[in-house]
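Chemist: My structure is in input.txt, and what it holds is compact mmCIF, C-alpha atoms (C1' of nucleotides):
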# COMPACT_ATOMS: atom_id res chain seq x y z
CA MET A 16 -6.32 -14.93 -3.01
CA GLN A 17 -6.31 -12.68 -0.01
CA THR A 18 -8.52 -12.95 3.01
CA GLN A 19 -11.61 -10.83 3.29
CA ILE A 20 -10.21 -8.90 6.23
CA GLN A 21 -7.02 -8.10 4.36
CA ASN A 22 -8.94 -6.91 1.31
CA ALA A 23 -11.17 -4.75 3.48
CA PHE A 24 -8.29 -3.12 5.34
CA ARG A 25 -6.40 -2.61 2.12
CA ALA A 26 -9.43 -1.00 0.52
CA LEU A 27 -9.66 1.60 3.28
CA ALA A 28 -5.95 2.36 3.30
CA ASP A 29 -6.28 4.79 0.39
CA PRO A 30 -7.74 8.28 0.99
CA THR A 31 -9.52 8.36 -2.37
CA ARG A 32 -11.25 5.08 -1.59
CA ARG A 33 -12.29 6.27 1.87
CA GLU A 34 -13.76 9.34 0.22
CA ILE A 35 -15.62 7.20 -2.29
CA VAL A 36 -17.08 5.22 0.59
CA GLN A 37 -18.24 8.42 2.26
CA ILE A 38 -19.74 9.73 -0.95
CA LEU A 39 -21.60 6.49 -1.57
CA ALA A 40 -22.94 6.70 1.98
CA SER A 41 -25.07 9.58 0.82
CA GLY A 42 -26.41 7.74 -2.22
CA ASP A 43 -25.68 5.32 -5.04
CA MET A 44 -23.68 6.58 -8.01
CA THR A 45 -22.47 5.55 -11.44
CA ILE A 46 -18.78 5.56 -12.24
CA ALA A 47 -19.16 8.73 -14.30
CA GLN A 48 -20.89 10.51 -11.43
CA LEU A 49 -18.17 9.48 -9.01
CA THR A 50 -15.47 10.57 -11.44
CA ASP A 51 -16.98 14.06 -11.44
CA GLN A 52 -16.10 14.27 -7.74
CA PHE A 53 -12.39 13.64 -8.28
CA ASP A 54 -9.52 15.06 -10.23
CA MET A 55 -8.60 11.83 -11.95
CA THR A 56 -9.66 9.75 -14.90
CA ARG A 57 -12.59 7.37 -15.00
CA ALA A 58 -10.15 4.48 -15.33
CA ALA A 59 -8.47 5.41 -12.06
CA VAL A 60 -11.80 5.67 -10.27
CA LYS A 61 -12.82 2.34 -11.73
CA LYS A 62 -9.67 0.75 -10.33
CA HIS A 63 -10.50 2.08 -6.89
CA LEU A 64 -14.01 0.71 -7.23
CA ASN A 65 -12.57 -2.69 -8.07
CA VAL A 66 -10.48 -2.62 -4.91
CA LEU A 67 -13.50 -1.57 -2.86
CA SER A 68 -15.49 -4.38 -4.42
CA ASP A 69 -12.75 -6.89 -3.62
CA GLY A 70 -12.91 -5.67 -0.05
CA GLY A 71 -16.65 -6.27 0.03
CA LEU A 72 -17.30 -2.62 0.77
CA ILE A 73 -19.44 -1.91 -2.28
CA THR A 74 -21.70 -3.81 -4.66
CA VAL A 75 -22.26 -3.03 -8.32
CA GLU A 76 -25.57 -3.35 -10.10
CA ALA A 77 -25.77 -3.28 -13.90
CA ARG A 78 -28.52 -1.02 -15.19
CA GLY A 79 -28.49 -0.67 -18.93
CA ARG A 80 -25.08 0.56 -19.90
CA GLU A 81 -24.62 2.11 -16.49
CA ARG A 82 -23.18 0.53 -13.32
CA ILE A 83 -24.73 1.57 -10.05
CA ASN A 84 -22.20 1.51 -7.23
CA ARG A 85 -23.68 1.00 -3.81
CA LEU A 86 -22.20 0.99 -0.34
CA GLU A 87 -22.26 -2.47 1.25
CA PRO A 88 -22.44 -1.78 4.99
CA ASN A 89 -21.85 -5.43 5.88
CA GLY A 90 -18.42 -5.08 4.33
CA LEU A 91 -17.38 -3.07 7.36
CA ALA A 92 -18.17 -6.00 9.62
CA PRO A 93 -14.84 -7.86 9.30
CA ILE A 94 -12.98 -4.70 10.27
CA LEU A 95 -15.18 -4.07 13.27
CA ASP A 96 -14.73 -7.70 14.24
CA TRP A 97 -10.99 -7.21 14.16
CA PHE A 98 -11.28 -4.14 16.35
CA SER A 99 -13.37 -6.02 18.87
CA TYR A 100 -10.15 -7.85 19.74
CA PHE A 101 -9.12 -4.69 21.56
CA ASP A 102 -12.22 -4.23 23.65
CA GLN A 103 -10.23 -3.80 26.81
CA PHE A 104 -8.28 -0.89 25.34
CA TRP A 105 -10.95 1.41 23.99
CA ASP A 106 -14.00 1.04 26.13
CA ASP A 107 -14.34 4.76 26.60
CA ARG A 108 -14.07 5.59 22.94
CA LEU A 109 -16.53 2.90 21.99
CA ASN A 110 -18.93 3.97 24.65
CA ASN A 111 -18.99 7.47 23.24
CA LEU A 112 -19.73 6.07 19.83
CA LYS A 113 -22.39 3.82 21.27
CA GLU A 114 -24.08 6.74 22.95
CA ALA A 115 -24.04 8.77 19.77
CA ILE A 116 -25.82 5.95 18.01
CA GLU A 117 -28.35 5.60 20.78
CA ARG A 118 -29.16 9.27 20.43
CA ASN A 119 -29.38 8.80 16.70
CA LYS A 120 -32.02 6.13 17.00
CA LYS A 121 -34.46 8.30 18.90
CA MET B 4 3.47 14.89 5.96
CA GLN B 5 0.41 12.69 5.98
CA THR B 6 -2.62 13.11 8.17
CA GLN B 7 -2.94 11.09 11.32
CA ILE B 8 -5.94 9.21 10.00
CA GLN B 9 -4.11 8.27 6.81
CA ASN B 10 -1.07 7.07 8.75
CA ALA B 11 -3.29 5.02 11.03
CA PHE B 12 -5.21 3.35 8.22
CA ARG B 13 -2.01 2.72 6.32
CA ALA B 14 -0.44 1.15 9.39
CA LEU B 15 -3.26 -1.36 9.70
CA ALA B 16 -3.33 -2.24 6.01
CA ASP B 17 -0.50 -4.74 6.39
CA PRO B 18 -1.19 -8.17 7.94
CA THR B 19 2.16 -8.29 9.73
CA ARG B 20 1.50 -4.94 11.37
CA ARG B 21 -1.98 -6.00 12.46
CA GLU B 22 -0.42 -9.09 14.01
CA ILE B 23 2.16 -6.96 15.80
CA VAL B 24 -0.66 -4.84 17.21
CA GLN B 25 -2.42 -7.98 18.46
CA ILE B 26 0.76 -9.32 19.99
CA LEU B 27 1.48 -6.06 21.77
CA ALA B 28 -2.06 -6.11 23.11
CA SER B 29 -0.97 -8.97 25.33
CA GLY B 30 2.11 -7.18 26.60
CA ASP B 31 5.00 -4.85 25.79
CA MET B 32 7.91 -6.28 23.84
CA THR B 33 11.36 -5.38 22.60
CA ILE B 34 12.15 -5.52 18.91
CA ALA B 35 14.12 -8.71 19.36
CA GLN B 36 11.19 -10.37 21.15
CA LEU B 37 8.81 -9.34 18.40
CA THR B 38 11.19 -10.55 15.71
CA ASP B 39 11.10 -14.02 17.32
CA GLN B 40 7.39 -14.14 16.45
CA PHE B 41 7.94 -13.63 12.72
CA ASP B 42 9.82 -15.18 9.86
CA MET B 43 11.64 -12.03 8.84
CA THR B 44 14.66 -10.02 9.83
CA ARG B 45 14.84 -7.58 12.70
CA ALA B 46 15.24 -4.75 10.20
CA ALA B 47 11.92 -5.63 8.57
CA VAL B 48 10.15 -5.75 11.92
CA LYS B 49 11.73 -2.44 12.84
CA LYS B 50 10.35 -0.89 9.63
CA HIS B 51 6.87 -2.10 10.53
CA LEU B 52 7.28 -0.65 14.00
CA ASN B 53 8.21 2.69 12.48
CA VAL B 54 5.03 2.65 10.39
CA LEU B 55 2.96 1.73 13.44
CA SER B 56 4.62 4.55 15.36
CA ASP B 57 3.87 7.00 12.54
CA GLY B 58 0.27 5.88 12.75
CA GLY B 59 0.21 6.59 16.46
CA LEU B 60 -0.62 2.98 17.23
CA ILE B 61 2.42 2.24 19.37
CA THR B 62 4.84 4.15 21.55
CA VAL B 63 8.49 3.28 22.14
CA GLU B 64 10.28 3.65 25.42
CA ALA B 65 14.05 3.49 25.61
CA ARG B 66 15.28 1.31 28.44
CA GLY B 67 19.01 0.94 28.44
CA ARG B 68 19.94 -0.56 25.12
CA GLU B 69 16.47 -1.99 24.68
CA ARG B 70 13.40 -0.38 23.18
CA ILE B 71 10.09 -1.28 24.74
CA ASN B 72 7.28 -1.22 22.20
CA ARG B 73 3.88 -0.57 23.70
CA LEU B 74 0.40 -0.51 22.21
CA GLU B 75 -1.09 2.98 22.19
CA PRO B 76 -4.85 2.38 22.38
CA ASN B 77 -5.64 6.04 21.71
CA GLY B 78 -4.13 5.56 18.28
CA LEU B 79 -7.20 3.60 17.31
CA ALA B 80 -9.38 6.61 18.02
CA PRO B 81 -9.03 8.37 14.64
CA ILE B 82 -10.08 5.18 12.89
CA LEU B 83 -13.08 4.70 15.12
CA ASP B 84 -13.97 8.34 14.55
CA TRP B 85 -13.93 7.75 10.83
CA PHE B 86 -16.20 4.74 11.23
CA SER B 87 -18.64 6.74 13.28
CA TYR B 88 -19.49 8.51 10.03
CA PHE B 89 -21.39 5.38 9.09
CA ASP B 90 -23.47 5.02 12.19
CA GLN B 91 -26.65 4.58 10.26
CA PHE B 92 -25.24 1.63 8.36
CA TRP B 93 -23.92 -0.64 11.07
CA ASP B 94 -26.06 -0.13 14.10
CA ASP B 95 -26.65 -3.84 14.48
CA ARG B 96 -23.02 -4.80 14.26
CA LEU B 97 -22.01 -2.11 16.68
CA ASN B 98 -24.71 -3.08 19.10
CA ASN B 99 -23.36 -6.61 19.22
CA LEU B 100 -19.92 -5.27 19.95
CA LYS B 101 -21.30 -2.95 22.58
CA GLU B 102 -23.07 -5.81 24.32
CA ALA B 103 -19.91 -7.90 24.31
CA ILE B 104 -18.12 -5.10 26.05
CA GLU B 105 -20.88 -4.63 28.57
CA ARG B 106 -20.57 -8.29 29.47
CA ASN B 107 -16.84 -7.87 29.70
CA LYS B 108 -17.09 -5.12 32.26
CA LYS B 109 -18.99 -7.21 34.80
C1' DT C 16 38.89 -1.51 28.69
C1' DT C 17 37.04 -4.74 25.78
C1' DG C 18 33.78 -7.66 23.85
C1' DA C 19 29.00 -8.88 23.23
C1' DC C 20 24.46 -7.48 22.22
C1' DA C 21 20.16 -4.62 21.14
C1' DT C 22 19.15 -1.33 18.15
C1' DG C 23 19.39 2.40 14.25
C1' DA C 24 20.19 3.53 9.54
C1' DT C 25 20.98 3.03 4.83
C1' DA C 26 21.61 1.01 0.27
C1' DC C 27 19.55 -2.01 -2.58
C1' DC C 28 16.00 -5.20 -4.87
C1' DA C 29 11.51 -7.12 -6.52
C1' DT C 30 6.86 -6.32 -6.52
C1' DA C 31 2.64 -3.64 -5.57
C1' DT C 32 0.20 0.49 -6.22
C1' DG C 33 -1.99 4.61 -8.20
C1' DG C 34 -2.27 6.90 -12.15
C1' DT C 35 -2.82 7.86 -17.57
C1' DA C 36 -3.70 6.65 -22.38
C1' DT C 37 -6.03 3.97 -25.43
C1' DC C 38 -8.78 0.49 -27.48
C1' DT C 39 -12.96 -2.32 -27.41
C1' DC C 40 -17.73 -3.47 -26.34
C1' DA C 41 -22.55 -2.80 -25.18
C1' DT C 42 -26.40 0.12 -25.04
C1' DA C 43 -29.08 4.41 -25.68
C1' DA C 44 -30.55 7.84 -28.92
C1' DA C 45 -30.93 10.15 -33.46
C1' DT D 4 -28.97 1.87 -38.95
C1' DT D 5 -25.80 5.05 -37.41
C1' DT D 6 -23.80 7.62 -33.89
C1' DA D 7 -22.81 8.83 -29.27
C1' DT D 8 -22.03 7.43 -24.62
C1' DG D 9 -20.95 4.58 -20.28
C1' DA D 10 -18.15 1.22 -19.04
C1' DG D 11 -14.35 -2.72 -19.18
C1' DA D 12 -9.62 -4.00 -20.06
C1' DT D 13 -4.93 -3.60 -20.89
C1' DA D 14 -0.37 -1.65 -21.61
C1' DC D 15 2.54 1.36 -19.66
C1' DC D 16 4.88 4.59 -16.18
C1' DA D 17 6.61 6.56 -11.72
C1' DT D 18 6.62 5.85 -7.06
C1' DA D 19 5.63 3.33 -2.75
C1' DT D 20 6.19 -0.78 -0.23
C1' DG D 21 8.07 -4.88 2.06
C1' DG D 22 11.94 -7.29 2.37
C1' DT D 23 17.33 -8.36 2.90
C1' DA D 24 22.17 -7.28 3.74
C1' DT D 25 25.32 -4.58 5.96
C1' DC D 26 27.47 -1.24 8.72
C1' DA D 27 27.40 2.07 12.64
C1' DT D 28 26.20 3.27 17.46
C1' DG D 29 25.16 2.91 22.31
C1' DT D 30 25.06 0.14 26.43
C1' DC D 31 25.78 -3.91 29.47
C1' DA D 32 29.07 -7.12 31.43
C1' DA D 33 33.48 -9.38 32.29
Let me see the file written as structure tokens.

Modeler:
Amino acid sequence: MQTQIQNAFRALADPTRREIVQILASGDMTIAQLTDQFDMTRAAVKKHLNVLSDGGLITVEARGRERINRLEPNGLAPILDWFSYFDQFWDDRLNNLKEAIERNKK
Amino acid sequence: MQTQIQNAFRALADPTRREIVQILASGDMTIAQLTDQFDMTRAAVKKHLNVLSDGGLITVEARGRERINRLEPNGLAPILDWFSYFDQFWDDRLNNLKEAIERNKK
DNA sequence: TTGACATGATACCATATGGTATCTCATAAA
DNA sequence: TTTATGAGATACCATATGGTATCATGTCAA
């Protein structure tokens, strides 16, 4: 089995999966709903969802015969933790991001 | 050609490449020096360095017959930009990171 | 000049990855 | 109950990926 951090980085390495994450950020979706957003089969989308789930980036809730896919924000934590190793290199960038969030909170 | 963001995410998807990035964070190194840190051939390390270079995460400076590999902190920017899309989801985590950096600066 | 050394490049191999097609199962609806 | 629908699983395919082996090239040193 792979480490959590490896699974998380791997999950985000694919553009389709990053797009799925962004779509789910705006609301939960079933597999069929997600498939509508892409030019590929439901099976392919399902595979991507499995990878995202392995990476801890989404959770799946059974509801009848449907499966509700939900973004798991805590799944991003291991990646951010990894980035924190480079504090000394990207202070400026992070500060900009920090300020954007501060503004957001008001 | 791939987008910069895709090349950056792809570069970090491999554990060896993430380790190279961490090693280079502590100082520039030649290919031979980096190869000493891993149980693989110089050619394999060189391939990883090419991927990291494609991702904009390192720069290479020729110095005589040596090649100095250097971490390019700005290469992390596209990835952080992508994460900023999820501000509303990881405020807490980011705040912790922000505070750690604030402490660091003193 | 000549030999040693750091690197670049390429052919090749095994496995991983992203995709489709297809079959099965569970559940909703008629 | 019967039928339709959402999802899971698997076999299969083409290509990408991570690795080695090997040869070529440029540069430092004797």

Chemist: Hey, what's within 12 Å of DT37 (chain C) if we count all atoms listed in the file and toss same-chain stuff fewer than 5 positions away? As a PyMOL selection string, please?

Modeler: (chain A and resi 58) or (chain D and resi 12-15)

Chemist: Residues at most 7 Å from region 31-43 of chain B, counting all atoms listed in the file, excluding those fewer than 6 positions away in the same chain, as number ranges by chain?

Modeler: B: 49, 69-73

Chemist: Between CA of Leu72 (chain A) and CA of Gly90 (chain A), what is the spacing in Å?

Modeler: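 Atom-to-atom, CA of Gly90 (chain A) to CA of Leu72 (chain A), that is 4.5 Å.
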
Chemist: Could you fit chain B onto chain A by least squares over every C-alpha atom, paired in order, and give me the moved chain as a compact mmCIF listing (two decimals) with C-alpha atoms, keeping the file's coordinate frame?

Modeler:
# COMPACT_ATOMS: atom_id res chain seq x y z
CA MET B 4 -6.34 -14.92 -3.08
CA GLN B 5 -6.29 -12.65 -0.08
CA THR B 6 -8.48 -12.94 2.97
CA GLN B 7 -11.58 -10.84 3.25
CA ILE B 8 -10.20 -8.92 6.20
CA GLN B 9 -7.00 -8.10 4.34
CA ASN B 10 -8.92 -6.93 1.27
CA ALA B 11 -11.14 -4.77 3.45
CA PHE B 12 -8.28 -3.12 5.32
CA ARG B 13 -6.38 -2.62 2.10
CA ALA B 14 -9.41 -1.01 0.50
CA LEU B 15 -9.65 1.57 3.26
CA ALA B 16 -5.94 2.36 3.30
CA ASP B 17 -6.27 4.80 0.41
CA PRO B 18 -7.73 8.28 1.02
CA THR B 19 -9.53 8.37 -2.33
CA ARG B 20 -11.25 5.08 -1.58
CA ARG B 21 -12.30 6.25 1.87
CA GLU B 22 -13.78 9.34 0.24
CA ILE B 23 -15.63 7.19 -2.28
CA VAL B 24 -17.08 5.17 0.59
CA GLN B 25 -18.25 8.39 2.28
CA ILE B 26 -19.75 9.69 -0.93
CA LEU B 27 -21.61 6.45 -1.56
CA ALA B 28 -22.94 6.62 1.98
CA SER B 29 -25.09 9.51 0.82
CA GLY B 30 -26.42 7.68 -2.21
CA ASP B 31 -25.67 5.26 -5.04
CA MET B 32 -23.70 6.57 -7.99
CA THR B 33 -22.49 5.56 -11.42
CA ILE B 34 -18.80 5.59 -12.22
CA ALA B 35 -19.18 8.74 -14.27
CA GLN B 36 -20.92 10.51 -11.38
CA LEU B 37 -18.19 9.47 -8.98
CA THR B 38 -15.48 10.56 -11.39
CA ASP B 39 -17.00 14.07 -11.38
CA GLN B 40 -16.11 14.25 -7.68
CA PHE B 41 -12.40 13.64 -8.23
CA ASP B 42 -9.51 15.07 -10.15
CA MET B 43 -8.57 11.85 -11.90
CA THR B 44 -9.62 9.80 -14.87
CA ARG B 45 -12.55 7.42 -14.98
CA ALA B 46 -10.12 4.52 -15.32
CA ALA B 47 -8.46 5.44 -12.02
CA VAL B 48 -11.80 5.69 -10.25
CA LYS B 49 -12.81 2.37 -11.74
CA LYS B 50 -9.63 0.77 -10.34
CA HIS B 51 -10.49 2.09 -6.88
CA LEU B 52 -14.00 0.71 -7.25
CA ASN B 53 -12.57 -2.68 -8.10
CA VAL B 54 -10.47 -2.62 -4.93
CA LEU B 55 -13.49 -1.57 -2.87
CA SER B 56 -15.48 -4.38 -4.46
CA ASP B 57 -12.72 -6.89 -3.66
CA GLY B 58 -12.89 -5.67 -0.09
CA GLY B 59 -16.62 -6.29 0.00
CA LEU B 60 -17.29 -2.64 0.74
CA ILE B 61 -19.42 -1.92 -2.31
CA THR B 62 -21.66 -3.84 -4.67
CA VAL B 63 -22.24 -3.04 -8.34
CA GLU B 64 -25.53 -3.37 -10.12
CA ALA B 65 -25.73 -3.30 -13.89
CA ARG B 66 -28.51 -1.08 -15.16
CA GLY B 67 -28.51 -0.80 -18.90
CA ARG B 68 -25.16 0.59 -19.88
CA GLU B 69 -24.67 2.10 -16.44
CA ARG B 70 -23.20 0.52 -13.34
CA ILE B 71 -24.73 1.54 -10.05
CA ASN B 72 -22.18 1.49 -7.24
CA ARG B 73 -23.69 0.96 -3.82
CA LEU B 74 -22.19 0.95 -0.35
CA GLU B 75 -22.25 -2.51 1.23
CA PRO B 76 -22.41 -1.81 4.97
CA ASN B 77 -21.83 -5.47 5.85
CA GLY B 78 -18.40 -5.11 4.32
CA LEU B 79 -17.37 -3.10 7.34
CA ALA B 80 -18.15 -6.04 9.59
CA PRO B 81 -14.81 -7.89 9.28
CA ILE B 82 -12.98 -4.72 10.24
CA LEU B 83 -15.19 -4.11 13.24
CA ASP B 84 -14.71 -7.74 14.21
CA TRP B 85 -10.97 -7.25 14.15
CA PHE B 86 -11.29 -4.17 16.35
CA SER B 87 -13.38 -6.06 18.84
CA TYR B 88 -10.17 -7.89 19.72
CA PHE B 89 -9.15 -4.74 21.55
CA ASP B 90 -12.23 -4.25 23.62
CA GLN B 91 -10.28 -3.78 26.79
CA PHE B 92 -8.32 -0.92 25.30
CA TRP B 93 -10.97 1.39 23.93
CA ASP B 94 -14.01 1.00 26.09
CA ASP B 95 -14.29 4.74 26.59
CA ARG B 96 -14.06 5.60 22.94
CA LEU B 97 -16.55 2.95 22.00
CA ASN B 98 -18.94 4.04 24.68
CA ASN B 99 -18.97 7.54 23.25
CA LEU B 100 -19.75 6.14 19.85
CA LYS B 101 -22.43 3.92 21.29
CA GLU B 102 -24.09 6.86 22.99
CA ALA B 103 -24.04 8.88 19.78
CA ILE B 104 -25.85 6.08 18.07
CA GLU B 105 -28.38 5.74 20.84
CA ARG B 106 -29.19 9.41 20.45
CA ASN B 107 -29.44 8.91 16.73
CA LYS B 108 -32.07 6.23 17.05
CA LYS B 109 -34.55 8.42 18.91

Chemist: Might you pull out every residue within 9 Å of region 52-56 of chain B, with only C-alpha atoms (C1' of nucleotides) counted and same-chain residues fewer than 6 positions away left off, and present them as a list in words?

Modeler: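 Near neighbours after the sequence-gap exclusion: Asn10, Ala11, Arg13, Ala14, Leu15, Arg20, Ile23, Val24, Ile34, Thr62, Val63 and Asn72 of chain B.
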
Chemist: In terms of the shortest atom-to-atom distance over all atoms listed in the file, which of B:Gly59, B:Lys50, B:Asn77, B:Ser87 is closest to chain C?

Modeler: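 Smallest separation from chain C among the options: B:Lys50.
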
Chemist: Per residue of chain C within 10 Å of chain A, note the shortest atom pair and the distance in Å to one decimal, counting all atoms listed in the file, and order the rows by chain and increasing residue number, as JSON lines.

Modeler:
{"residue": "C:DG33", "atom": "C1'", "partner": "A:Ala59", "partner_atom": "CA", "distance": 7.6}
{"residue": "C:DG34", "atom": "C1'", "partner": "A:Ala59", "partner_atom": "CA", "distance": 6.4}
{"residue": "C:DT35", "atom": "C1'", "partner": "A:Thr56", "partner_atom": "CA", "distance": 7.6}
{"residue": "C:DA36", "atom": "C1'", "partner": "A:Ala58", "partner_atom": "CA", "distance": 9.8}
{"residue": "C:DA41", "atom": "C1'", "partner": "A:Arg80", "partner_atom": "CA", "distance": 6.8}
{"residue": "C:DT42", "atom": "C1'", "partner": "A:Arg80", "partner_atom": "CA", "distance": 5.3}
{"residue": "C:DA43", "atom": "C1'", "partner": "A:Arg80", "partner_atom": "CA", "distance": 8.0}

Chemist: Suppose we keep C-alpha atoms (C1' of nucleotides); can you now write the selection as a CSV table (one decimal), in the frame of the given file?

Modeler:
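For reference, result_23.csv as written:
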chain,number,residue,atom,x,y,z
C,33,DG,C1',-2.0,4.6,-8.2
C,34,DG,C1',-2.3,6.9,-12.2
C,35,DT,C1',-2.8,7.9,-17.6
C,36,DA,C1',-3.7,6.6,-22.4
C,41,DA,C1',-22.6,-2.8,-25.2
C,42,DT,C1',-26.4,0.1,-25.0
C,43,DA,C1',-29.1,4.4,-25.7

Chemist: Using 6 Å as the limit and counting all atoms listed in the file, can you tabulate each residue of chain B that touches chain A, with its shortest atom-to-atom distance in Å and the two atoms involved, as JSON lines?

Modeler:
{"residue": "B:Phe12", "atom": "CA", "partner": "A:Ala28", "partner_atom": "CA", "distance": 5.1}
{"residue": "B:Arg13", "atom": "CA", "partner": "A:Ala28", "partner_atom": "CA", "distance": 5.0}
{"residue": "B:Ala16", "atom": "CA", "partner": "A:Arg25", "partner_atom": "CA", "distance": 5.0}
{"residue": "B:Pro76", "atom": "CA", "partner": "A:Phe104", "partner_atom": "CA", "distance": 5.6}
{"residue": "B:Phe92", "atom": "CA", "partner": "A:Pro88", "partner_atom": "CA", "distance": 5.6}

Chemist: Point out the residue among A:Arg57, A:Glu76, A:Asp69, A:Leu39 with the least atom-to-atom distance to chain D, counting only C-alpha atoms (C1' of nucleotides).

Modeler: A:Arg57

Chemist: Ranking B:Ile82, B:Ile61, B:Thr19, B:Ile26 by minimum distance to chain D and counting only C-alpha atoms (C1' of nucleotides), which one comes first?

Modeler: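 Closest to chain D, using only C-alpha atoms (C1' of nucleotides): B:Thr19.
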
Chemist: Distance limit 12 Å, atoms considered: only C-alpha atoms (C1' of nucleotides). Which chain D residues sit that close to chain B? Return them as a VMD selection string.

Modeler: chain D and resid 19 to 25 28 to 31

Chemist: How many Å lie between C1' of DA7 (chain D) and C1' of DT39 (chain C), rounded to one decimal?

Modeler: 15.0 Å
